[in-house]
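As stored in model.cif (mmCIF, C-alpha atoms):
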```
data_protein
#
loop_
_atom_site.label_atom_id
_atom_site.label_comp_id
_atom_site.auth_asym_id
_atom_site.auth_seq_id
_atom_site.Cartn_x
_atom_site.Cartn_y
_atom_site.Cartn_z
CA MET A 30 9.96 178.32 76.05
CA PRO A 31 6.33 177.71 77.15
CA ASP A 32 5.46 178.92 80.61
CA SER A 33 4.62 175.51 82.02
CA THR A 34 8.05 174.17 81.11
CA SER A 35 9.90 177.01 82.72
CA ILE A 36 7.84 176.68 85.89
CA ALA A 37 8.50 172.96 86.15
CA HIS A 38 12.13 173.58 85.35
CA ASP A 39 12.51 176.18 88.06
CA ALA A 40 10.70 174.03 90.58
CA ARG A 41 13.02 171.13 90.02
CA GLU A 42 16.22 173.15 89.94
CA ALA A 43 15.44 175.54 92.76
CA PRO A 44 17.38 177.15 94.21
CA HIS A 45 18.98 177.92 90.86
CA ARG A 46 22.65 178.68 91.28
CA GLU A 47 24.46 181.15 89.09
CA HIS A 48 26.72 179.46 86.57
CA PRO A 49 28.55 180.40 83.37
CA SER A 50 26.61 179.92 80.11
CA TYR A 51 28.96 177.13 79.02
CA GLN A 52 28.31 175.02 82.11
CA ARG A 53 25.60 172.40 81.57
CA HIS A 54 22.90 172.17 84.24
CA HIS A 55 23.69 168.60 85.20
CA PHE A 56 27.21 169.43 86.37
CA GLU A 57 27.98 170.74 89.85
CA THR A 58 30.96 172.80 88.76
CA VAL A 59 32.84 173.78 85.63
CA GLU A 60 35.78 171.65 86.83
CA GLN A 61 33.54 168.61 87.12
CA GLN A 62 32.27 169.22 83.58
CA ALA A 63 35.82 169.61 82.25
CA ASP A 64 36.98 166.42 84.01
CA ALA A 65 34.01 164.41 82.72
CA THR A 66 34.54 165.63 79.15
CA ASN A 67 38.25 164.91 79.38
CA PHE A 68 37.52 161.38 80.63
CA ALA A 69 35.10 160.80 77.74
CA MET A 70 37.70 161.96 75.23
CA TRP A 71 40.24 159.55 76.65
CA LEU A 72 37.75 156.68 76.45
CA PHE A 73 37.28 157.51 72.77
CA LEU A 74 41.05 157.52 72.29
CA LEU A 75 41.23 154.05 73.91
CA THR A 76 38.88 152.72 71.23
CA GLU A 77 41.21 154.33 68.68
CA ILE A 78 44.20 152.54 70.23
CA MET A 79 42.36 149.22 69.84
CA PHE A 80 41.45 150.11 66.24
CA PHE A 81 45.00 150.90 65.15
CA GLY A 82 46.27 148.14 67.44
CA GLY A 83 44.66 145.51 65.21
CA LEU A 84 46.50 146.88 62.18
CA PHE A 85 49.79 147.00 64.07
CA THR A 86 49.35 143.39 65.21
CA ALA A 87 48.69 142.25 61.63
CA TYR A 88 51.82 144.11 60.56
CA LEU A 89 53.88 142.53 63.35
CA ILE A 90 52.90 138.97 62.40
CA TYR A 91 53.32 139.35 58.63
CA ARG A 92 56.60 141.18 59.01
CA ASN A 93 58.01 138.25 60.99
CA TRP A 94 56.72 135.69 58.52
CA TYR A 95 57.76 137.42 55.30
CA TYR A 96 60.70 139.48 56.46
CA PRO A 97 62.67 139.54 53.13
CA ALA A 98 59.56 140.72 51.26
CA PHE A 99 58.93 143.45 53.84
CA VAL A 100 62.56 144.63 53.65
CA ALA A 101 62.53 144.83 49.84
CA ALA A 102 59.12 146.50 49.73
CA SER A 103 60.06 149.05 52.42
CA HIS A 104 63.03 150.12 50.27
CA GLN A 105 60.45 151.46 47.80
CA LEU A 106 59.41 154.12 50.31
CA ASN A 107 61.16 157.47 50.14
CA ILE A 108 62.96 158.03 53.43
CA PHE A 109 63.32 161.76 52.74
CA TRP A 110 59.57 162.33 52.43
CA GLY A 111 58.91 160.07 55.40
CA THR A 112 61.30 162.00 57.65
CA ALA A 113 59.99 165.34 56.37
CA ASN A 114 56.43 164.29 57.14
CA THR A 115 57.42 163.20 60.66
CA GLY A 116 58.89 166.66 61.21
CA VAL A 117 55.77 168.32 59.79
CA LEU A 118 53.46 166.31 62.04
CA ILE A 119 55.53 166.88 65.19
CA SER A 120 55.56 170.61 64.37
CA SER A 121 51.77 170.58 63.99
CA SER A 122 51.49 168.89 67.39
CA PHE A 123 53.68 171.65 68.84
CA THR A 124 51.56 174.43 67.30
CA MET A 125 48.44 172.66 68.61
CA ALA A 126 49.89 172.49 72.14
CA MET A 127 50.73 176.19 71.89
CA GLY A 128 47.15 176.80 70.75
CA VAL A 129 45.85 175.18 73.94
CA TRP A 130 48.17 177.41 75.95
CA CYS A 131 46.90 180.51 74.10
CA ALA A 132 43.30 179.50 74.83
CA GLU A 133 44.11 178.92 78.51
CA THR A 134 45.79 182.30 78.84
CA ARG A 135 43.06 184.00 76.74
CA ARG A 136 45.22 185.09 73.82
CA LYS A 137 42.76 185.21 70.94
CA GLY A 138 45.21 186.30 68.22
CA GLY A 139 47.73 183.69 69.29
CA LEU A 140 45.10 180.97 69.33
CA VAL A 141 43.89 181.77 65.80
CA LEU A 142 47.49 181.85 64.56
CA CYS A 143 48.29 178.48 66.18
CA LEU A 144 45.16 176.86 64.78
CA VAL A 145 45.87 178.22 61.28
CA LEU A 146 49.47 176.92 61.47
CA THR A 147 48.25 173.49 62.64
CA PHE A 148 45.70 173.50 59.81
CA LEU A 149 48.38 174.35 57.22
CA LEU A 150 50.89 171.81 58.55
CA GLY A 151 48.15 169.17 58.37
CA LEU A 152 47.61 170.07 54.71
CA VAL A 153 51.38 169.90 54.03
CA PHE A 154 51.40 166.40 55.54
CA LEU A 155 48.58 165.28 53.24
CA GLY A 156 50.32 166.94 50.27
CA ILE A 157 53.51 164.97 50.87
CA LYS A 158 51.43 161.82 51.32
CA THR A 159 49.84 162.50 47.92
CA ILE A 160 53.30 162.72 46.31
CA GLU A 161 54.21 159.38 47.88
CA TYR A 162 50.95 157.69 46.91
CA SER A 163 51.19 158.84 43.27
CA GLU A 164 54.70 157.36 43.11
CA LYS A 165 53.25 154.01 44.23
CA ILE A 166 50.46 154.23 41.66
CA GLU A 167 52.95 154.97 38.87
CA LYS A 168 55.10 151.98 39.80
CA HIS A 169 52.06 149.65 40.12
CA HIS A 170 52.73 149.08 43.82
CA VAL A 171 49.07 149.40 44.76
CA PRO A 172 47.73 145.94 45.74
CA GLY A 173 45.20 144.58 43.28
CA LEU A 174 44.89 143.49 39.65
CA HIS A 175 47.59 145.86 38.39
CA TYR A 176 50.16 145.04 41.05
CA SER A 177 53.63 144.56 39.55
CA LEU A 178 56.39 142.37 41.01
CA ASN A 179 58.99 143.82 38.68
CA SER A 180 60.87 145.85 41.32
CA PHE A 181 61.33 142.73 43.44
CA LEU A 182 62.06 140.11 40.72
CA ASN A 183 64.40 142.40 38.75
CA PRO A 184 65.71 144.86 41.33
CA ASP A 185 68.36 146.14 38.88
CA SER A 186 65.59 147.58 36.72
CA ASP A 187 64.30 149.65 39.63
CA GLU A 188 66.12 152.74 40.83
CA ALA A 189 65.10 152.51 44.49
CA ALA A 190 65.75 148.77 44.72
CA LYS A 191 69.11 149.15 42.98
CA ALA A 192 70.16 151.97 45.32
CA ALA A 193 69.33 149.78 48.33
CA GLY A 194 71.34 146.89 46.83
CA ASP A 195 68.39 144.50 46.77
CA LYS A 196 68.86 140.93 45.49
CA PRO A 197 66.09 139.37 43.35
CA LEU A 198 63.49 137.65 45.54
CA PRO A 199 62.15 134.17 44.71
CA LEU A 200 58.67 134.44 43.16
CA ASP A 201 56.75 133.15 46.20
CA MET A 202 58.49 135.62 48.53
CA ALA A 203 58.20 138.49 46.02
CA ARG A 204 54.43 137.97 45.94
CA HIS A 205 54.28 138.77 49.66
CA THR A 206 55.45 142.34 48.97
CA GLU A 207 51.82 142.95 47.98
CA LEU A 208 50.91 142.22 51.61
CA TYR A 209 53.36 144.88 52.77
CA PHE A 210 51.79 147.44 50.45
CA PHE A 211 48.31 146.40 51.55
CA LEU A 212 49.30 147.14 55.15
CA TYR A 213 51.11 150.31 54.06
CA PHE A 214 47.98 151.70 52.38
CA ALA A 215 45.62 150.47 55.11
CA MET A 216 47.67 152.01 57.93
CA THR A 217 48.77 155.26 56.32
CA GLY A 218 45.32 155.57 54.67
CA MET A 219 43.47 155.24 57.99
CA HIS A 220 45.95 157.68 59.48
CA ALA A 221 45.29 160.12 56.61
CA VAL A 222 41.51 159.79 57.15
CA HIS A 223 42.08 160.84 60.76
CA MET A 224 44.13 163.79 59.53
CA ILE A 225 41.37 164.85 57.12
CA ILE A 226 38.76 164.71 59.89
CA GLY A 227 41.10 166.67 62.16
CA ILE A 228 41.74 169.32 59.51
CA ALA A 229 37.99 169.74 58.93
CA ILE A 230 37.41 170.27 62.66
CA LEU A 231 40.36 172.70 62.75
CA GLY A 232 38.70 174.75 59.99
CA PHE A 233 35.55 174.99 62.10
CA MET A 234 37.59 175.88 65.19
CA ILE A 235 39.42 178.71 63.41
CA PHE A 236 36.08 180.45 62.74
CA ARG A 237 34.88 179.88 66.30
CA ALA A 238 38.19 181.09 67.73
CA GLN A 239 37.97 184.28 65.67
CA ALA A 240 34.57 184.87 67.26
CA GLY A 241 36.28 184.55 70.64
CA ALA A 242 34.61 181.29 71.61
CA TYR A 243 37.62 179.65 73.27
CA THR A 244 39.26 182.60 74.95
CA ALA A 245 36.54 183.38 77.47
CA GLY A 246 37.55 180.77 80.05
CA HIS A 247 36.03 177.68 78.41
CA VAL A 248 38.84 175.74 76.73
CA THR A 249 37.50 172.17 76.86
CA PHE A 250 36.87 171.89 73.12
CA VAL A 251 40.35 173.10 72.15
CA GLU A 252 41.93 170.91 74.80
CA ASN A 253 40.10 167.75 73.74
CA PHE A 254 40.72 168.38 70.06
CA GLY A 255 44.39 168.73 71.04
CA LEU A 256 44.23 165.24 72.58
CA TYR A 257 42.88 163.86 69.27
CA TRP A 258 45.53 165.64 67.21
CA HIS A 259 48.37 164.42 69.45
CA PHE A 260 46.98 160.90 69.28
CA VAL A 261 47.13 160.99 65.48
CA ASP A 262 50.72 162.22 65.85
CA ILE A 263 51.57 159.24 68.10
CA VAL A 264 50.19 156.79 65.51
CA TRP A 265 52.54 158.30 62.94
CA ILE A 266 55.47 158.19 65.41
CA PHE A 267 55.12 154.38 65.26
CA LEU A 268 54.13 154.08 61.59
CA PHE A 269 57.23 155.93 60.43
CA PRO A 270 59.95 153.59 61.80
CA LEU A 271 57.84 150.46 61.20
CA LEU A 272 57.07 151.17 57.53
CA TYR A 273 60.04 153.25 56.36
CA LEU A 274 62.99 152.14 58.44
CA ILE A 275 63.10 148.34 58.10
CA SER A 276 66.65 147.23 57.42
CA ARG A 277 67.98 150.36 55.76
CA HIS A 278 71.49 149.28 56.67
CA ALA A 279 71.62 146.47 54.10
CA ASN A 280 74.28 148.11 51.90
CA MET B 21 43.56 164.03 99.37
CA SER B 22 41.31 166.65 100.88
CA GLU B 23 37.62 166.17 100.22
CA GLN B 24 36.17 169.41 98.97
CA THR B 25 32.77 170.50 100.13
CA GLN B 26 30.24 171.81 97.67
CA HIS B 27 30.49 175.24 99.22
CA GLU B 28 33.85 175.81 97.60
CA PRO B 29 33.40 174.69 94.01
CA LYS B 30 36.33 176.87 92.92
CA HIS B 31 38.90 174.51 94.44
CA GLY B 32 38.21 171.06 93.03
CA GLU B 33 40.53 168.10 93.38
CA HIS B 34 42.82 169.67 90.82
CA GLU B 35 43.16 173.19 89.55
CA HIS B 36 43.26 173.56 85.79
CA HIS B 37 46.97 173.23 85.10
CA VAL B 38 48.49 175.53 82.50
CA THR B 39 51.68 174.11 81.01
CA PRO B 40 54.12 176.95 80.25
CA PRO B 41 55.26 177.28 76.59
CA ILE B 42 58.91 176.58 77.47
CA VAL B 43 57.93 172.98 78.32
CA TYR B 44 56.30 172.60 74.88
CA VAL B 45 59.39 174.06 73.18
CA VAL B 46 61.74 171.68 75.00
CA ILE B 47 59.54 168.65 74.23
CA PHE B 48 59.25 169.75 70.58
CA GLY B 49 63.05 169.95 70.29
CA THR B 50 63.49 166.57 71.99
CA LEU B 51 60.99 164.95 69.61
CA LEU B 52 62.88 166.30 66.57
CA VAL B 53 66.19 165.03 67.98
CA PHE B 54 64.70 161.57 68.54
CA THR B 55 63.32 161.58 64.98
CA ALA B 56 66.84 162.23 63.66
CA LEU B 57 68.17 159.50 65.99
CA THR B 58 65.71 156.89 64.76
CA VAL B 59 66.57 157.62 61.10
CA GLY B 60 70.31 157.49 61.90
CA ALA B 61 69.95 154.27 63.92
CA SER B 62 68.22 152.52 61.02
CA TYR B 63 71.42 152.87 58.92
CA ILE B 64 73.59 151.18 61.57
CA GLU B 65 73.86 147.38 61.43
CA MET B 66 72.61 146.08 64.80
CA GLY B 67 70.96 142.81 63.78
CA VAL B 68 67.95 142.00 65.95
CA PHE B 69 68.44 145.23 67.85
CA ASN B 70 67.47 147.44 64.90
CA PRO B 71 63.71 147.01 65.36
CA ILE B 72 64.12 147.07 69.16
CA VAL B 73 65.92 150.43 69.03
CA ALA B 74 63.31 151.78 66.58
CA ILE B 75 60.43 150.72 68.84
CA LEU B 76 62.23 151.99 71.95
CA ILE B 77 62.71 155.46 70.42
CA GLY B 78 59.06 155.40 69.30
CA VAL B 79 57.95 154.56 72.85
CA ILE B 80 60.06 157.38 74.31
CA LYS B 81 58.61 159.88 71.80
CA ALA B 82 55.04 158.69 72.42
CA THR B 83 55.56 158.91 76.20
CA LEU B 84 56.76 162.51 75.89
CA VAL B 85 53.73 163.41 73.76
CA VAL B 86 51.31 161.72 76.19
CA LEU B 87 52.86 163.19 79.34
CA PHE B 88 53.42 166.77 78.19
CA PHE B 89 51.57 167.61 74.95
CA MET B 90 48.50 165.70 76.15
CA GLY B 91 49.14 166.86 79.71
CA VAL B 92 48.63 163.48 81.40
CA LYS B 93 51.46 164.30 83.84
CA TYR B 94 49.30 167.09 85.28
CA SER B 95 45.90 165.44 84.94
CA THR B 96 43.59 163.69 87.40
CA LYS B 97 44.19 160.18 88.72
CA LEU B 98 41.16 159.06 86.73
CA THR B 99 42.81 160.13 83.47
CA LYS B 100 46.10 158.48 84.44
CA LEU B 101 44.28 155.26 85.27
CA THR B 102 42.38 155.42 81.98
CA VAL B 103 45.58 155.82 79.94
CA GLY B 104 47.23 153.01 81.90
CA ALA B 105 44.23 150.73 81.40
CA GLY B 106 44.26 151.38 77.65
CA LEU B 107 47.95 150.60 77.38
CA PHE B 108 47.58 147.44 79.47
CA THR B 109 44.63 146.16 77.42
CA PHE B 110 46.47 146.88 74.17
CA LEU B 111 49.58 144.96 75.33
CA ALA B 112 47.47 142.09 76.70
CA LEU B 113 45.60 141.71 73.40
CA ILE B 114 48.81 141.83 71.34
CA SER B 115 50.61 139.28 73.51
CA MET B 116 47.63 136.92 73.58
CA THR B 117 47.31 137.11 69.79
CA LEU B 118 51.03 136.49 69.34
CA ALA B 119 51.00 133.61 71.83
CA ASP B 120 48.29 132.01 69.71
CA TYR B 121 50.16 132.44 66.42
CA ILE B 122 53.56 131.40 67.81
CA SER B 123 52.17 128.21 69.36
CA ARG B 124 50.72 127.04 66.02
CA ALA B 125 52.27 126.39 62.61
CA TRP B 126 54.31 129.60 62.62
CA GLY B 127 54.64 131.01 59.12
CA ARG B 128 53.53 127.87 57.33
CA TRP B 129 50.36 129.08 55.68
#
```

Take the structure in the file and write it out as structure tokens.
Amino acid sequence: MPDSTSIAHDAREAPHREHPSYQRHHFETVEQQADATNFAMWLFLLTEIMFFGGLFTAYLIYRNWYYPAFVAASHQLNIFWGTANTGVLISSSFTMAMGVWCAETRRKGGLVLCLVLTFLLGLVFLGIKTIEYSEKIEKHHVPGLHYSLNSFLNPDSDEAAKAAGDKPLPLDMARHTELYFFLYFAMTGMHAVHMIIGIAILGFMIFRAQAGAYTAGHVTFVENFGLYWHFVDIVWIFLFPLLYLISRHAN
Amino acid sequence: MSEQTQHEPKHGEHEHHVTPPIVYVVIFGTLLVFTALTVGASYIEMGVFNPIVAILIGVIKATLVVLFFMGVKYSTKLTKLTVGAGLFTFLALISMTLADYISRAWGRW
């Protein structure tokens, strides 16, 4: 730093109070900095609520218009994988919460372990999602040129539809199943993108945690990442019943 | 609320609250139970109440996550107000959109 800068700096800031290295100059106290950062994180999460909210609203309207198509199309989803993934994601939220606790109580080993577990559970979630997506690709249930109505016009030819006791849909209603799958891929896809971003940040955090960055009294980053991770969990908590559990009681 | 002077920066409006692990364990267990409940409920014939029960269980689970995992229960009033404002805006936008759709040619295009 050039001399002139440091002189001007000292003149403005004098008398310079002692503060921890992680406290920015423009904050009075560490608490104030933590509160401000926390507030900013919540504002970001509000924009995320509005973002997913648009998708949920579209789902709500189309589901009410084309209910039979949504019921038949939802029977194509595998309830076992859906439930398993809900368990995986809730577990990852739990390990993340425990990670925040470890950081707060300065347990470095525990924090690294929790972050690694959260990281792995996130990967398991994406792995299961991949299995589900490939099933949809095989059955031509991806909206677009190769979309097939077969499962909905001839439900007896389709294992999942047959097991659910589906009746053949009229052609105009069957065509609306494509809308269900469009929303399915848009919503779970955007959710998966959030997971991928979260997992990437977790990878970075594991290295930083090993270096002891979060167990020296400054836990804001871990805490705010936790907020993001739990938010992604909440989105799935609503996606799961809305996409997988429509009218499973039919038979 | 006691106004804190700048001479005592250590005691701000709220101390950093550390949630004990037992709370996380209990919430984790409750969330798993509610997940099983929502799957079970979807196999029971309840007519119009099926989606209502599903949404209700979802809201309960989300509330538990927000209050305890995200620590809003122990956070500042500013954070609580922010979360409340987000929820309110979300519900207002959804109901206004629905009011528009319902009051037009519902489902006819």

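CA of Ile77 (chain B) to CA of Thr58 (chain B) spans 6.6 Å [interatomic distance, one decimal].
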
Determine, counting all atoms listed in the file, which protein, DNA and RNA residues have an atom within 9 Å of an atom of His36 (chain B); residues of the same chain fewer than 3 positions away are not included. Present the result as a ChimeraX atom specification. /A:60 /B:94-95

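Taking only C-alpha atoms into account, Ala126 (chain A) lies nearest to A:Leu144 out of the set A:Leu200, A:Met216, A:Leu144, A:Leu274.
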
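Distances from A:Gly116, A:Pro197, A:Gly111, A:Gly173 to chain B were compared using all atoms listed in the file, and the smallest one belongs to A:Gly116.
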
Applying 12 Å and only C-alpha atoms, which residues near Gly227 (chain A) remain after dropping the ones on its own chain fewer than 5 positions away? List them as a PyMOL selection string. chain A and resi 121-122+125+144+147-152+155+220-222+232-234+251+253-262

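Taking CA of Thr206 (chain A) and CA of Ala98 (chain A) as the two end points, the separation is 5.0 Å.
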
All residues 12 Å or closer to Tyr63 (chain B), only C-alpha atoms, same chain fewer than 4 positions away omitted, as a PDB file with C-alpha atoms, in the frame of the given file:
```pdb
ATOM      1  CA  ILE A 108      62.960 158.030  53.430  1.00  0.00           C
ATOM      2  CA  ALA A 193      69.330 149.780  48.330  1.00  0.00           C
ATOM      3  CA  PRO A 270      59.950 153.590  61.800  1.00  0.00           C
ATOM      4  CA  TYR A 273      60.040 153.250  56.360  1.00  0.00           C
ATOM      5  CA  LEU A 274      62.990 152.140  58.440  1.00  0.00           C
ATOM      6  CA  ILE A 275      63.100 148.340  58.100  1.00  0.00           C
ATOM      7  CA  SER A 276      66.650 147.230  57.420  1.00  0.00           C
ATOM      8  CA  ARG A 277      67.980 150.360  55.760  1.00  0.00           C
ATOM      9  CA  HIS A 278      71.490 149.280  56.670  1.00  0.00           C
ATOM     10  CA  ALA A 279      71.620 146.470  54.100  1.00  0.00           C
ATOM     11  CA  ASN A 280      74.280 148.110  51.900  1.00  0.00           C
TER      12      ASN A 280
ATOM     13  CA  ALA B  56      66.840 162.230  63.660  1.00  0.00           C
ATOM     14  CA  LEU B  57      68.170 159.500  65.990  1.00  0.00           C
ATOM     15  CA  THR B  58      65.710 156.890  64.760  1.00  0.00           C
ATOM     16  CA  VAL B  59      66.570 157.620  61.100  1.00  0.00           C
ATOM     17  CA  GLY B  67      70.960 142.810  63.780  1.00  0.00           C
ATOM     18  CA  ASN B  70      67.470 147.440  64.900  1.00  0.00           C
ATOM     19  CA  PRO B  71      63.710 147.010  65.360  1.00  0.00           C
ATOM     20  CA  VAL B  73      65.920 150.430  69.030  1.00  0.00           C
ATOM     21  CA  ALA B  74      63.310 151.780  66.580  1.00  0.00           C
TER      22      ALA B  74
END
```

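Closest approach to Gly246 (chain A) from the set A:Glu77, A:Glu133, A:Glu57, A:Asp64 is made by A:Glu133, with distances taken over all atoms listed in the file.
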
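Neighbouring residues of Leu84 (chain B) at 12 Å or closer, counting only C-alpha atoms and skipping chain neighbours under 6 positions away, are A:Ile119, A:Ser122, A:Phe123, A:His259, A:Phe260, A:Asp262, A:Ile263, A:Ile266, B:Val43, B:Tyr44, B:Val46, B:Ile47, B:Phe48, B:Gly49, B:Thr50, B:Leu51, B:Leu52, B:Phe54, B:Ile77, B:Gly78, B:Met90, B:Gly91, B:Val92, B:Lys93.
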
Which residues of chain B are close to chain A, meaning at most 6 Å apart when you count all atoms listed in the file, and how do they look as an MDAnalysis selection string? chainID B and resid 62:65 78 82 89:90 106 127

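The space separating CA of Ala132 (chain A) from CA of Thr244 (chain A) comes to 5.1 Å.
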
Quick check on the file I pasted: which residues fall under the PyMOL selection byres ((chain A and resi 184) around 12)? Write them as number ranges by chain. A: 101-102, 104-105, 178-183, 185-199, 203

Residue nearest Val248 (chain A) - candidates B:Val38, B:Val86, B:Leu98, B:Val79, atoms counted: only C-alpha atoms: B:Val38

Might you spell out which residues the PyMOL selection byres ((chain A and resi 138) around 12) would select in the displayed file, as a ChimeraX atom specification? /A:128,131-132,134-137,139-145,235,238-241,243-244

Which is closer to Trp110 (chain A) than all the others in A:His205, A:Lys168, A:His48, A:Lys158, using all atoms listed in the file? A:Lys158
